[in-house]
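Below you'll find the structure, written out as structure tokens, and then a few comments.
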Amino acid sequence: MSDIEQTTVIDPAQVGRMASSRVDGRSTTMYGRHRKTPRKTPKSRPVRPVEPFMAALMTVFAALWLAGMLAAVWLMPMSAPAPWAREVVSAVCVAAAVCAPVPAWAYLACHVKEGRP
């Protein structure tokens with residue numbers, strides 16, 4: 001009889017409980033930790049816009065950035081063949097500073113328009 005191979009048949013119904021070593025039916029993971037109970041559905045929270053001061057804060061940062069960039073551009077030595085470079089770089093900086101806080105103000109305006117607090 002020693003030359004006959006023995007096979008183990010695993011019952012598919014028991015596969016989920018194989019890692020459990022508890023008789024009371026609580027299942028555990030392979031590492032011995034208990035599975036959490038099914039999660040409760042989260043309470044619905046009111047959808048709030050980004051705090052209203054964020055748009056103003058972005059505007060302040062854009063103004064500070066613009067002041068620093070304009071100071072750097074106008075104090076930086078530039079070559080004589082391109083006297084228009086300061087004006088062009090200044091215009092690009094102004095455009096970037098004006099466009100930067102626009103998404104925050106638009107987001108805030110949409111929420112105020114919809115009547116959300």
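Quick note on naming: the chains in the structure tokens go A, B, ... in the order shown, residues restart at 1 in each chain, and ligands are numbered from 1 in order of appearance.
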
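The protein and nucleic acid residues lying at most 12 Å from Ala72 (chain A) are A:Trp65, A:Leu66, A:Met78, A:Arg86, A:Val89, A:Ser90, A:Cys93, with only C-alpha atoms considered and sequence neighbours fewer than 6 positions away removed.
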
Leaving out Ala96 (chain A) and any residue of its chain fewer than 2 positions from it, which residues lie within 12 Å of it when counting only C-alpha atoms, given as a compact mmCIF listing (two decimals) with N, CA, C and O atoms, in the first residue's frame?
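Saved to part-v7.txt:
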```
# COMPACT_ATOMS: atom_id res chain seq x y z
N THR A 59 -4.94 84.74 -5.08
CA THR A 59 -4.75 86.07 -5.68
C THR A 59 -3.58 86.79 -5.02
O THR A 59 -2.76 87.42 -5.70
N PHE A 61 -0.99 85.39 -3.51
CA PHE A 61 0.25 84.74 -3.94
C PHE A 61 0.62 85.13 -5.37
O PHE A 61 1.79 85.33 -5.68
N ALA A 62 -0.39 85.24 -6.24
CA ALA A 62 -0.12 85.65 -7.62
C ALA A 62 0.42 87.07 -7.66
O ALA A 62 1.34 87.38 -8.44
N ALA A 63 -0.12 87.95 -6.81
CA ALA A 63 0.36 89.34 -6.78
C ALA A 63 1.80 89.40 -6.26
O ALA A 63 2.63 90.14 -6.80
N TRP A 65 4.01 86.97 -6.43
CA TRP A 65 4.86 86.38 -7.47
C TRP A 65 5.10 87.40 -8.58
O TRP A 65 6.22 87.54 -9.07
N LEU A 66 4.04 88.10 -8.97
CA LEU A 66 4.18 89.11 -10.03
C LEU A 66 5.14 90.21 -9.62
O LEU A 66 6.00 90.63 -10.40
N MET A 69 8.67 88.82 -9.78
CA MET A 69 9.13 88.60 -11.16
C MET A 69 9.40 89.92 -11.87
O MET A 69 10.40 90.04 -12.60
N LEU A 70 8.54 90.91 -11.68
CA LEU A 70 8.78 92.20 -12.33
C LEU A 70 10.04 92.86 -11.80
O LEU A 70 10.82 93.45 -12.56
N VAL A 89 8.71 90.01 -21.53
CA VAL A 89 8.75 89.14 -20.35
C VAL A 89 7.81 89.68 -19.28
O VAL A 89 7.12 88.91 -18.60
N SER A 90 7.72 90.99 -19.13
CA SER A 90 6.80 91.58 -18.17
C SER A 90 5.36 91.27 -18.54
O SER A 90 4.54 90.95 -17.68
N ALA A 91 5.04 91.35 -19.81
CA ALA A 91 3.68 91.04 -20.26
C ALA A 91 3.32 89.58 -20.01
O ALA A 91 2.20 89.26 -19.58
N VAL A 92 4.28 88.69 -20.24
CA VAL A 92 4.03 87.26 -19.98
C VAL A 92 3.81 87.03 -18.48
O VAL A 92 2.91 86.27 -18.08
N CYS A 93 4.60 87.69 -17.64
CA CYS A 93 4.44 87.55 -16.19
C CYS A 93 3.08 88.09 -15.73
O CYS A 93 2.42 87.48 -14.89
N VAL A 94 2.66 89.22 -16.28
CA VAL A 94 1.36 89.79 -15.91
C VAL A 94 0.25 88.85 -16.34
O VAL A 94 -0.71 88.60 -15.58
N VAL A 98 -2.38 87.06 -13.79
CA VAL A 98 -3.82 87.31 -13.89
C VAL A 98 -4.57 85.99 -14.10
O VAL A 98 -5.65 85.79 -13.54
N CYS A 99 -4.01 85.08 -14.87
CA CYS A 99 -4.69 83.82 -15.17
C CYS A 99 -4.61 82.79 -14.04
O CYS A 99 -5.45 81.90 -13.96
N ALA A 100 -3.63 82.91 -13.17
CA ALA A 100 -3.43 81.89 -12.13
C ALA A 100 -4.62 81.74 -11.18
O ALA A 100 -5.07 80.62 -10.93
N PRO A 101 -5.18 82.80 -10.61
CA PRO A 101 -6.29 82.60 -9.67
C PRO A 101 -7.67 82.48 -10.32
O PRO A 101 -8.65 82.28 -9.63
N VAL A 102 -7.75 82.57 -11.64
CA VAL A 102 -9.06 82.52 -12.31
C VAL A 102 -9.80 81.21 -12.04
O VAL A 102 -11.00 81.24 -11.74
```
